[in-house]
Each structure stands twice: as structure tokens, then as C-alpha cells.
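Right, one structure below, let's go through it.
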Amino acid sequence: MALVLCAAGVPMLPTNPMKVAGTLLAGCVLLIGGCVALRSGESLRRSPLDAPVVIFGALAVLATVLGVHPRASFLPSPARGDGLLDYFVFLPMALGAARLSGLEVREVLAVLLGAGALIGAAGAGQFYGFDATRWIGNAPFDYGFRSWGTLANPDFLGGYAALVLPIGLAIAAGAHELHRRRWAAAASILLYAALVGSQTRSAWAASGLATVILLSRLPRSAQVYRRLALLGLAFAAITTIMTATQPDVSLGARARSAANPLDSSMQGKLWIWRHVLPMIRERPVLGWGFSAVAGHLPGIGAPDYHRVFGDASVLIDVAHNDILQVAVNMGLAGLAAYLWIWAVALGAARSAARRPASSLGAEAAGVFAGLAAYAVWLQFLWSHIGNANVFWVLTGIAVALSRLEAPALTEGEYVRGPE
């Protein structure tokens, strides 16, 4: 229940403060469940994720205690939701997800796709100027024709879709049960509409990579290819309809602008990356602590700053690159532990995805493709509250999938890991 609340419930909350509160609530539920499980005599099996997660958590504590503003580093920031307190939830979520049974993995992913479908539907409506999220307390945003769903920003909606959509595609193409394929196909179509409406170029490129991975990992059968072809036709129809019904939007021009070296968005990112590097060199071991970029980034107000951003005052509080963000927050030691977590998760998902004929092979291929796509998207943004909730749970699920037995399921059966 805690994992479902974290990965599916929190991203649907309309504001970042609500997401922070939902994350902490999910952490409390997990703590209660963990205490009950231990009191009932349940033993905790080891997982390959334990060591890197524990080391990463210890380094996060040290980075906060020894950082420039320990209190600000500890509490999640109102704008970004980035703080040590969140990691007191995220890291146990990953460790808990790594211990799921096969049935529990399928249940969590099914609810995750249901949440993705709702977020995708909201994003599709926003593309046409209809924001249903205002009914649940979302702040009024004006991103033009770009969709943001419940993620507060089109870029984060794109990252969410890049992470979750491959799971839906894999299950829709490779699952054995008809009802699961239909459920995943419906969620995938809505998520794809949101991905298009977000107009997030890095998410488009990341989703392309995910498609290549799925084609290589799913069973190479006429049945799977036929299902993927039908989904491809549905996606082509959605793209055509969204382009034709919004003549002021040129998706092709948006995609081509990614290769333009003079693109203002890319110029801004390059400026930030250049000026974050001196911060990392100044505190290379344990970094500055969380939420320290704002107020410490050098170069603000310099001539090259105004040349890139103009005369307007632009708030720059993140590195706009996940690797640089972790390095400035937690230093190179924290970055090494973070990359270790990524290596374990991707390696586990890749290993599990080698068993495409098993009952959980489709889920494994989808998780592997989603994590790979998310890794690409992160090189241009960062793991924001809401998206981060999904990522840490899927990290644990990737490890769970790699340890589960792989026989084909019959109706009413499921796969458990070794006791």
C-alpha cells in the first residue's frame, strides 16, 4: 500500500507541497507496515540494492550535516520538493520494492498504469486548453499549448511519460492475459497523448530509445509485432489528430529545434552547466547539501548571463542535469553511490528482461526500457518530486524482477521470490 501511494498516488497530487506531504505520508505507512512485518516474525532477505542505497543514504546525511545550510538541506524545498527528508522515504521505498513478490509487482505496476492513464488524460485535455486538474486544487498555469498533467511543468510530464509509457507498451504487447493487455494499451494511448502534448524534446528522444529497447527485449513473434504495430497506428493517429486540431502547434518544428545550437533552452542549460562545475570543484567530496544552487551559483548578473537570459531575473536553483545536480548536492562520493544504484537497477532489469517467455518478462522489459529512457531524460533535467517517487519504486521493482522465478503463470497463480 505504501509503494502504491508513493508511486501512483503522489504523482497525481496537483501541487508540489501536496506531493511532499503525500510522500511523507507514504513513508509513515511504510514504517508502520515494516514494524508490523518485523513483529510478526517476517525476515528481511538481502538484495543487491541494499549496500548502495545504505551508503547513498549515509552520504546524503553527511552532505546535509556538513553542507552550507543544513536546515534548508534537510527540509524539502517548497518549489522543488528536494531535501534529505524525502530521501528518508525514497530509499526505504526502493528497498521495500526490491522485496516484492511477483503478484505484488504486477499489482503495483497495474495501479501505476492506472495513475498514468489519469495523468495522461489530464495532459491531453490541457493541450486543448481544458485543465481538469483545477478541480482538485491545481494552481493555474499558462504553458500555452504544452501539457503538464499533474506534474506542474511540461518537462516533468514528459519525463513521467518516458518512464511509465514503456511499461504500458511492454505489457500491452507481451502480457499473456487479455484484460492486462487491454488495460496497458489504454493507459499507453493516454500517456502517449500526454507525451506529445508536453512537447518535451528530451522525453521524445528518450521514448525513441525505449522503443528500440522494447523491440530487442520483447519476444520476437508475429503476435507481439502485430500488437506493437496496432499501437503504432494508434499513436500515429493521435499525432495526426493533435497536429491537425491545433494548427498553431508545429510538433515537427519543435523536434527540429533540438538540433539547433542557438536554441534558447539549450543555451541556458549550457550556461548553467558551465557555472555549476566551479561549485563542484569547490566542495568536491560531500558537496553543498540539498537546495544549495540558489544563492551560490556563480556568474549571476555577469555579461554572459544577460547575453543568454536577457535582462529578466531568472531563478536558477538546479543544475538542469541530474549527474551535476547530485554532484553539487552530495559531492563526488554521493555521485558514485548514486551511479552504483543506477548500475544495479539497470543490470537487474536487463537480466530479468532476458527472460521474455516468462510471466513477468513483459514487465521486466518495460521497466528496463523505462529506466533507460528516464536516464536519458535526466541528462537535461533532474529527478523532481513526483517523478522521483516513481523512479525509486521502479528501481526496487527492477531488482525484485531479477530474483523472481520465471515459470509461466496459469490463471490465479503468481510467482514468489525465494524465501
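A note on labels: chains of the C-alpha cells are A, B, ... as shown, every chain counts residues from 1, and ligands are counted from 1 in their shown order.
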
Just want the 12 Å neighbourhood of Ala373 (chain A), counted on only C-alpha atoms, with same-chain residues fewer than 3 positions away dropped. Output as a PDB file with N, CA and C atoms, in the first residue's frame.
ATOM      1  N   GLY A 158       6.744  15.153 -19.420  1.00  0.00           N
ATOM      2  CA  GLY A 158       7.467  14.379 -20.422  1.00  0.00           C
ATOM      3  C   GLY A 158       8.337  13.308 -19.795  1.00  0.00           C
ATOM      4  N   GLY A 159       9.032  13.660 -18.714  1.00  0.00           N
ATOM      5  CA  GLY A 159       9.860  12.671 -18.033  1.00  0.00           C
ATOM      6  C   GLY A 159       9.044  11.549 -17.428  1.00  0.00           C
ATOM      7  N   TYR A 160       7.892  11.888 -16.866  1.00  0.00           N
ATOM      8  CA  TYR A 160       6.995  10.869 -16.308  1.00  0.00           C
ATOM      9  C   TYR A 160       6.535   9.917 -17.402  1.00  0.00           C
ATOM     10  N   ALA A 161       6.126  10.462 -18.536  1.00  0.00           N
ATOM     11  CA  ALA A 161       5.670   9.615 -19.639  1.00  0.00           C
ATOM     12  C   ALA A 161       6.794   8.733 -20.163  1.00  0.00           C
ATOM     13  N   ALA A 162       8.005   9.278 -20.271  1.00  0.00           N
ATOM     14  CA  ALA A 162       9.135   8.483 -20.747  1.00  0.00           C
ATOM     15  C   ALA A 162       9.438   7.323 -19.809  1.00  0.00           C
ATOM     16  N   LEU A 163       9.188   7.501 -18.510  1.00  0.00           N
ATOM     17  CA  LEU A 163       9.463   6.468 -17.523  1.00  0.00           C
ATOM     18  C   LEU A 163       8.372   5.403 -17.476  1.00  0.00           C
ATOM     19  N   VAL A 164       7.107   5.803 -17.598  1.00  0.00           N
ATOM     20  CA  VAL A 164       5.982   4.886 -17.390  1.00  0.00           C
ATOM     21  C   VAL A 164       5.459   4.288 -18.694  1.00  0.00           C
ATOM     22  N   LEU A 165       5.461   5.066 -19.776  1.00  0.00           N
ATOM     23  CA  LEU A 165       4.903   4.594 -21.044  1.00  0.00           C
ATOM     24  C   LEU A 165       5.524   3.284 -21.528  1.00  0.00           C
ATOM     25  N   PRO A 166       6.858   3.090 -21.455  1.00  0.00           N
ATOM     26  CA  PRO A 166       7.415   1.808 -21.921  1.00  0.00           C
ATOM     27  C   PRO A 166       6.868   0.601 -21.164  1.00  0.00           C
ATOM     28  N   ILE A 167       6.515   0.778 -19.896  1.00  0.00           N
ATOM     29  CA  ILE A 167       5.941  -0.334 -19.141  1.00  0.00           C
ATOM     30  C   ILE A 167       4.585  -0.706 -19.721  1.00  0.00           C
ATOM     31  N   SER A 202      13.531  16.179 -24.999  1.00  0.00           N
ATOM     32  CA  SER A 202      14.361  15.143 -24.400  1.00  0.00           C
ATOM     33  C   SER A 202      13.537  13.898 -24.094  1.00  0.00           C
ATOM     34  N   ALA A 203      12.267  14.073 -23.712  1.00  0.00           N
ATOM     35  CA  ALA A 203      11.398  12.924 -23.453  1.00  0.00           C
ATOM     36  C   ALA A 203      11.060  12.204 -24.750  1.00  0.00           C
ATOM     37  N   TRP A 204      10.899  12.948 -25.847  1.00  0.00           N
ATOM     38  CA  TRP A 204      10.659  12.300 -27.142  1.00  0.00           C
ATOM     39  C   TRP A 204      11.846  11.420 -27.528  1.00  0.00           C
ATOM     40  N   ALA A 205      13.051  11.972 -27.398  1.00  0.00           N
ATOM     41  CA  ALA A 205      14.247  11.194 -27.736  1.00  0.00           C
ATOM     42  C   ALA A 205      14.382   9.985 -26.817  1.00  0.00           C
ATOM     43  N   ALA A 206      14.112  10.176 -25.522  1.00  0.00           N
ATOM     44  CA  ALA A 206      14.207   9.079 -24.569  1.00  0.00           C
ATOM     45  C   ALA A 206      13.202   7.983 -24.895  1.00  0.00           C
ATOM     46  N   SER A 207      11.999   8.363 -25.293  1.00  0.00           N
ATOM     47  CA  SER A 207      10.980   7.371 -25.647  1.00  0.00           C
ATOM     48  C   SER A 207      11.361   6.612 -26.909  1.00  0.00           C
ATOM     49  N   GLY A 208      12.053   7.276 -27.831  1.00  0.00           N
ATOM     50  CA  GLY A 208      12.564   6.576 -29.005  1.00  0.00           C
ATOM     51  C   GLY A 208      13.551   5.495 -28.617  1.00  0.00           C
ATOM     52  N   LEU A 209      14.442   5.804 -27.671  1.00  0.00           N
ATOM     53  CA  LEU A 209      15.377   4.791 -27.181  1.00  0.00           C
ATOM     54  C   LEU A 209      14.626   3.640 -26.530  1.00  0.00           C
ATOM     55  N   ALA A 210      13.601   3.965 -25.741  1.00  0.00           N
ATOM     56  CA  ALA A 210      12.817   2.916 -25.090  1.00  0.00           C
ATOM     57  C   ALA A 210      12.175   1.993 -26.117  1.00  0.00           C
ATOM     58  N   THR A 211      11.708   2.551 -27.222  1.00  0.00           N
ATOM     59  CA  THR A 211      11.103   1.732 -28.272  1.00  0.00           C
ATOM     60  C   THR A 211      12.103   0.739 -28.844  1.00  0.00           C
ATOM     61  N   VAL A 212      13.330   1.200 -29.084  1.00  0.00           N
ATOM     62  CA  VAL A 212      14.374   0.306 -29.597  1.00  0.00           C
ATOM     63  C   VAL A 212      14.648  -0.816 -28.609  1.00  0.00           C
ATOM     64  N   ILE A 213      14.717  -0.473 -27.323  1.00  0.00           N
ATOM     65  CA  ILE A 213      14.979  -1.495 -26.301  1.00  0.00           C
ATOM     66  C   ILE A 213      13.849  -2.514 -26.258  1.00  0.00           C
ATOM     67  N   LEU A 214      12.609  -2.042 -26.329  1.00  0.00           N
ATOM     68  CA  LEU A 214      11.481  -2.971 -26.297  1.00  0.00           C
ATOM     69  C   LEU A 214      11.501  -3.915 -27.489  1.00  0.00           C
ATOM     70  N   LEU A 346      19.671  -0.996 -13.454  1.00  0.00           N
ATOM     71  CA  LEU A 346      19.670  -1.294 -14.882  1.00  0.00           C
ATOM     72  C   LEU A 346      20.158  -2.714 -15.153  1.00  0.00           C
ATOM     73  N   GLY A 366       9.650  -3.746 -19.889  1.00  0.00           N
ATOM     74  CA  GLY A 366       9.129  -2.390 -19.765  1.00  0.00           C
ATOM     75  C   GLY A 366       9.867  -1.571 -18.735  1.00  0.00           C
ATOM     76  N   VAL A 367      10.169  -2.174 -17.585  1.00  0.00           N
ATOM     77  CA  VAL A 367      10.906  -1.457 -16.541  1.00  0.00           C
ATOM     78  C   VAL A 367      12.301  -1.106 -17.028  1.00  0.00           C
ATOM     79  N   PHE A 368      12.954  -2.039 -17.708  1.00  0.00           N
ATOM     80  CA  PHE A 368      14.293  -1.773 -18.241  1.00  0.00           C
ATOM     81  C   PHE A 368      14.253  -0.621 -19.246  1.00  0.00           C
ATOM     82  N   ALA A 369      13.300  -0.657 -20.171  1.00  0.00           N
ATOM     83  CA  ALA A 369      13.197   0.406 -21.172  1.00  0.00           C
ATOM     84  C   ALA A 369      12.834   1.739 -20.526  1.00  0.00           C
ATOM     85  N   GLY A 370      11.932   1.709 -19.534  1.00  0.00           N
ATOM     86  CA  GLY A 370      11.546   2.948 -18.870  1.00  0.00           C
ATOM     87  C   GLY A 370      12.694   3.576 -18.111  1.00  0.00           C
ATOM     88  N   VAL A 376      18.137   8.982 -19.930  1.00  0.00           N
ATOM     89  CA  VAL A 376      18.413   9.952 -20.995  1.00  0.00           C
ATOM     90  C   VAL A 376      17.759  11.284 -20.679  1.00  0.00           C
ATOM     91  N   TRP A 377      16.494  11.256 -20.293  1.00  0.00           N
ATOM     92  CA  TRP A 377      15.777  12.496 -19.974  1.00  0.00           C
ATOM     93  C   TRP A 377      16.458  13.262 -18.843  1.00  0.00           C
ATOM     94  N   LEU A 378      17.003  12.534 -17.862  1.00  0.00           N
ATOM     95  CA  LEU A 378      17.633  13.179 -16.711  1.00  0.00           C
ATOM     96  C   LEU A 378      18.875  13.980 -17.078  1.00  0.00           C
ATOM     97  N   GLN A 379      19.475  13.695 -18.205  1.00  0.00           N
ATOM     98  CA  GLN A 379      20.678  14.443 -18.564  1.00  0.00           C
ATOM     99  C   GLN A 379      20.353  15.890 -18.947  1.00  0.00           C
ATOM    100  N   PHE A 391      10.481   6.704  -9.860  1.00  0.00           N
ATOM    101  CA  PHE A 391      11.803   6.167 -10.161  1.00  0.00           C
ATOM    102  C   PHE A 391      12.312   5.252  -9.050  1.00  0.00           C
TER     103      PHE A 391
END

Inset, instruction - For Val10 (chain A), list every protein, DNA or RNA residue within 9 Å, evaluated using only C-alpha atoms, and leave out those in the same chain fewer than 3 positions away; present the list as a ChimeraX atom specification. - result: /A:4-7,13-14,18-23,26,385-386,389-390

Go ahead and save the residues from that selection, with C-alpha atoms, as a short mmCIF file (atom, residue, chain, number, x, y, z; two decimals), in the first residue's frame.
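File produced: again-v1.cif:
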data_model
loop_
_atom_site.label_atom_id
_atom_site.label_comp_id
_atom_site.auth_asym_id
_atom_site.auth_seq_id
_atom_site.Cartn_x
_atom_site.Cartn_y
_atom_site.Cartn_z
CA VAL A 4 1.27 2.27 -4.41
CA LEU A 5 0.70 5.52 -2.52
CA CYS A 6 4.24 6.68 -3.30
CA ALA A 7 4.49 5.69 -6.96
CA LEU A 13 -1.45 15.26 -6.45
CA PRO A 14 -1.74 18.69 -8.10
CA MET A 18 0.89 18.25 -1.68
CA LYS A 19 3.38 15.86 -3.26
CA VAL A 20 5.84 16.40 -0.40
CA ALA A 21 3.09 15.77 2.16
CA GLY A 22 1.93 12.68 0.25
CA THR A 23 5.49 11.36 0.10
CA ALA A 26 3.61 7.14 2.24
CA ILE A 385 9.29 15.23 -6.67
CA GLY A 386 6.56 13.12 -8.29
CA ASN A 389 8.66 8.76 -6.39
CA VAL A 390 8.10 6.55 -9.44
#

Inset, instruction - Excluding Leu113 (chain A) and residues on its chain fewer than 2 positions from it, collect all residues at most 12 Å away from it, counting only C-alpha atoms, and give them as a VMD selection string. - result: chain A and resid 4 7 to 9 11 to 12 106 to 111 115 to 120 160 to 161 163 to 172 180 to 191 363 366 390

Got time to write the residues from that selection, N, CA and C atoms, as a compact mmCIF listing (two decimals), in the first residue's frame?
# COMPACT_ATOMS: atom_id res chain seq x y z
N VAL A 4 2.29 1.76 -3.51
CA VAL A 4 1.27 2.27 -4.41
C VAL A 4 1.01 3.75 -4.14
N ALA A 7 4.23 5.69 -5.52
CA ALA A 7 4.49 5.69 -6.96
C ALA A 7 3.30 6.10 -7.80
N ALA A 8 2.08 5.83 -7.32
CA ALA A 8 0.88 6.14 -8.10
C ALA A 8 0.11 7.32 -7.54
N GLY A 9 -0.03 7.38 -6.21
CA GLY A 9 -0.83 8.44 -5.61
C GLY A 9 -0.17 9.80 -5.63
N PRO A 11 2.25 11.24 -7.58
CA PRO A 11 2.31 11.99 -8.85
C PRO A 11 0.97 12.59 -9.27
N MET A 12 -0.15 12.05 -8.81
CA MET A 12 -1.44 12.60 -9.18
C MET A 12 -1.84 13.82 -8.35
N ARG A 106 3.12 -7.10 -10.06
CA ARG A 106 2.08 -6.89 -11.07
C ARG A 106 1.00 -5.94 -10.56
N GLU A 107 0.67 -6.05 -9.28
CA GLU A 107 -0.35 -5.17 -8.71
C GLU A 107 0.12 -3.72 -8.68
N VAL A 108 1.35 -3.50 -8.24
CA VAL A 108 1.88 -2.14 -8.18
C VAL A 108 1.95 -1.53 -9.58
N LEU A 109 2.41 -2.30 -10.56
CA LEU A 109 2.51 -1.78 -11.92
C LEU A 109 1.14 -1.52 -12.52
N ALA A 110 0.16 -2.35 -12.18
CA ALA A 110 -1.19 -2.12 -12.70
C ALA A 110 -1.76 -0.81 -12.18
N VAL A 111 -1.58 -0.54 -10.88
CA VAL A 111 -2.08 0.72 -10.32
C VAL A 111 -1.27 1.90 -10.87
N ALA A 115 -2.80 5.22 -12.71
CA ALA A 115 -2.48 6.62 -12.41
C ALA A 115 -1.94 7.32 -13.65
N GLY A 116 -1.10 6.61 -14.41
CA GLY A 116 -0.57 7.20 -15.65
C GLY A 116 -1.66 7.53 -16.64
N ALA A 117 -2.69 6.69 -16.71
CA ALA A 117 -3.80 6.96 -17.62
C ALA A 117 -4.52 8.24 -17.22
N LEU A 118 -4.75 8.43 -15.92
CA LEU A 118 -5.43 9.65 -15.46
C LEU A 118 -4.58 10.88 -15.71
N ILE A 119 -3.29 10.79 -15.45
CA ILE A 119 -2.40 11.92 -15.70
C ILE A 119 -2.33 12.20 -17.19
N GLY A 120 -2.29 11.13 -18.00
CA GLY A 120 -2.27 11.32 -19.45
C GLY A 120 -3.53 11.98 -19.96
N TYR A 160 7.89 11.89 -16.87
CA TYR A 160 7.00 10.87 -16.31
C TYR A 160 6.53 9.92 -17.40
N ALA A 161 6.13 10.46 -18.54
CA ALA A 161 5.67 9.62 -19.64
C ALA A 161 6.79 8.73 -20.16
N LEU A 163 9.19 7.50 -18.51
CA LEU A 163 9.46 6.47 -17.52
C LEU A 163 8.37 5.40 -17.48
N VAL A 164 7.11 5.80 -17.60
CA VAL A 164 5.98 4.89 -17.39
C VAL A 164 5.46 4.29 -18.69
N LEU A 165 5.46 5.07 -19.78
CA LEU A 165 4.90 4.59 -21.04
C LEU A 165 5.52 3.28 -21.53
N PRO A 166 6.86 3.09 -21.45
CA PRO A 166 7.41 1.81 -21.92
C PRO A 166 6.87 0.60 -21.16
N ILE A 167 6.52 0.78 -19.90
CA ILE A 167 5.94 -0.33 -19.14
C ILE A 167 4.58 -0.71 -19.72
N GLY A 168 3.77 0.31 -20.01
CA GLY A 168 2.48 0.05 -20.63
C GLY A 168 2.62 -0.63 -21.98
N LEU A 169 3.55 -0.16 -22.80
CA LEU A 169 3.75 -0.75 -24.12
C LEU A 169 4.18 -2.21 -24.01
N ALA A 170 5.11 -2.49 -23.09
CA ALA A 170 5.60 -3.86 -22.95
C ALA A 170 4.50 -4.80 -22.52
N ILE A 171 3.68 -4.38 -21.55
CA ILE A 171 2.60 -5.25 -21.08
C ILE A 171 1.53 -5.40 -22.17
N ALA A 172 1.22 -4.31 -22.87
CA ALA A 172 0.22 -4.38 -23.94
C ALA A 172 0.65 -5.31 -25.05
N ARG A 180 -5.17 -7.66 -19.06
CA ARG A 180 -3.99 -6.85 -18.73
C ARG A 180 -3.48 -6.14 -19.98
N ARG A 181 -3.53 -6.80 -21.12
CA ARG A 181 -3.09 -6.15 -22.36
C ARG A 181 -3.98 -4.96 -22.68
N ARG A 182 -5.28 -5.13 -22.53
CA ARG A 182 -6.20 -4.03 -22.82
C ARG A 182 -5.99 -2.86 -21.87
N TRP A 183 -5.84 -3.17 -20.58
CA TRP A 183 -5.60 -2.13 -19.58
C TRP A 183 -4.32 -1.35 -19.91
N ALA A 184 -3.26 -2.06 -20.23
CA ALA A 184 -1.99 -1.41 -20.54
C ALA A 184 -2.07 -0.62 -21.84
N ALA A 185 -2.79 -1.14 -22.84
CA ALA A 185 -2.91 -0.42 -24.11
C ALA A 185 -3.65 0.89 -23.93
N ALA A 186 -4.74 0.88 -23.15
CA ALA A 186 -5.49 2.11 -22.91
C ALA A 186 -4.63 3.14 -22.19
N ALA A 187 -3.89 2.70 -21.15
CA ALA A 187 -3.01 3.61 -20.43
C ALA A 187 -1.92 4.15 -21.35
N SER A 188 -1.38 3.30 -22.21
CA SER A 188 -0.31 3.72 -23.12
C SER A 188 -0.78 4.80 -24.08
N ILE A 189 -1.98 4.65 -24.61
CA ILE A 189 -2.51 5.63 -25.56
C ILE A 189 -2.67 6.99 -24.89
N LEU A 190 -3.19 7.00 -23.66
CA LEU A 190 -3.36 8.27 -22.95
C LEU A 190 -2.01 8.88 -22.57
N LEU A 191 -1.07 8.04 -22.15
CA LEU A 191 0.27 8.54 -21.83
C LEU A 191 0.97 9.08 -23.06
N GLU A 363 6.88 -7.24 -18.06
CA GLU A 363 7.11 -6.21 -17.05
C GLU A 363 8.59 -5.85 -16.96
N GLY A 366 9.65 -3.75 -19.89
CA GLY A 366 9.13 -2.39 -19.77
C GLY A 366 9.87 -1.57 -18.73
N VAL A 390 8.23 7.69 -8.53
CA VAL A 390 8.10 6.55 -9.44
C VAL A 390 9.45 5.89 -9.66

Inset, instruction - Report the distance between CA of Asp131 (chain A) and CA of Trp148 (chain A) in Å, rounded to one decimal place. - result: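 Rounded to one decimal, the two atoms are 9.6 Å apart.
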
Do you have, as a Markdown table, the list of residues of region 329-384 of chain A lying at most 8 Å from region 32-50 of chain A, each with its nearest atom pair and that distance in Å to one decimal, counting only C-alpha atoms and ordered by chain then number?
| residue | atom | partner | partner_atom | distance |
| --- | --- | --- | --- | --- |
| A:Ile341 | CA | A:Leu49 | CA | 6.8 |
| A:Val344 | CA | A:Leu49 | CA | 6.6 |
| A:Ala345 | CA | A:Leu49 | CA | 7.7 |

Once you count only C-alpha atoms, what closest atom pair and distance in Å to one decimal does each residue of region 89-208 of chain A within 10 Å of region 55-59 of chain A have, with rows by chain and rising residue number, as JSON lines?
{"residue": "A:Phe90", "atom": "CA", "partner": "A:Gly57", "partner_atom": "CA", "distance": 9.8}
{"residue": "A:Leu91", "atom": "CA", "partner": "A:Gly57", "partner_atom": "CA", "distance": 7.3}
{"residue": "A:Pro92", "atom": "CA", "partner": "A:Gly57", "partner_atom": "CA", "distance": 9.7}

Export of prior selection with all heavy atoms as a PDB file, in the first residue's frame:
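Once written, result_9.pdb looks like this:
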ATOM      1  N   PHE A  90      12.261   7.870   0.031  1.00  0.00           N
ATOM      2  CA  PHE A  90      12.589   7.248  -1.251  1.00  0.00           C
ATOM      3  C   PHE A  90      13.437   5.992  -1.088  1.00  0.00           C
ATOM      4  O   PHE A  90      13.176   4.963  -1.734  1.00  0.00           O
ATOM      5  CB  PHE A  90      13.336   8.237  -2.145  1.00  0.00           C
ATOM      6  CG  PHE A  90      12.514   9.400  -2.613  1.00  0.00           C
ATOM      7  CD1 PHE A  90      13.108  10.622  -2.911  1.00  0.00           C
ATOM      8  CD2 PHE A  90      11.144   9.296  -2.775  1.00  0.00           C
ATOM      9  CE1 PHE A  90      12.362  11.700  -3.354  1.00  0.00           C
ATOM     10  CE2 PHE A  90      10.380  10.364  -3.207  1.00  0.00           C
ATOM     11  CZ  PHE A  90      10.994  11.566  -3.494  1.00  0.00           C
ATOM     12  N   LEU A  91      14.461   6.061  -0.253  1.00  0.00           N
ATOM     13  CA  LEU A  91      15.392   4.939  -0.155  1.00  0.00           C
ATOM     14  C   LEU A  91      14.741   3.706   0.469  1.00  0.00           C
ATOM     15  O   LEU A  91      14.895   2.596  -0.066  1.00  0.00           O
ATOM     16  CB  LEU A  91      16.643   5.368   0.612  1.00  0.00           C
ATOM     17  CG  LEU A  91      17.411   6.555   0.000  1.00  0.00           C
ATOM     18  CD1 LEU A  91      18.675   6.850   0.798  1.00  0.00           C
ATOM     19  CD2 LEU A  91      17.754   6.292  -1.458  1.00  0.00           C
ATOM     20  N   PRO A  92      13.987   3.826   1.574  1.00  0.00           N
ATOM     21  CA  PRO A  92      13.264   2.646   2.051  1.00  0.00           C
ATOM     22  C   PRO A  92      12.228   2.124   1.056  1.00  0.00           C
ATOM     23  O   PRO A  92      11.971   0.915   1.007  1.00  0.00           O
ATOM     24  CB  PRO A  92      12.583   3.152   3.334  1.00  0.00           C
ATOM     25  CG  PRO A  92      13.437   4.278   3.807  1.00  0.00           C
ATOM     26  CD  PRO A  92      13.919   4.943   2.550  1.00  0.00           C
TER      27      PRO A  92
END

Inset, instruction - Mind giving me the straight-line distance from CA of Thr133 (chain A) to CA of Thr150 (chain A) in Å, one decimal? - result: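 Calculated distance between CA of Thr133 (chain A) and CA of Thr150 (chain A) is 6.9 Å.
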
Legend entry - Selected residue of minimal separation from Thr240 (chain A) among A:Arg354, A:Ile280, A:Ala139, A:Val196, counting only C-alpha atoms: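 Answer, going by the shortest atom-to-atom distance: A:Val196.
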
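CA of Ala348 (chain A) lies 13.3 Å from CA of Leu360 (chain A).
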
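Omitting region 255-271 of chain A and its sequence neighbours fewer than 5 positions away, and counting only C-alpha atoms, the residues within 10 Å are Gln199, Thr200, Arg201, Ser202, Trp204, Ala205, Ser250, Val276, Gly299, Asp304, Tyr305, Arg307, Val308, Phe309, Ala319, His320, Asn321, Phe380 and Leu381 of chain A.
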
Inset, instruction - Could you check which of A:Val53, A:Leu228, A:Leu151, A:Met279 is closest to Tyr338 (chain A), using only C-alpha atoms? - result: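 The closest residue to Tyr338 (chain A) is A:Val53.
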
Legend entry - Pick from A:Leu251, A:Ala173, A:Ala122, A:Ala97 nearest to Gly232 (chain A), counting only C-alpha atoms: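 Looking at the shortest contact to Gly232 (chain A), the residue is A:Ala173.
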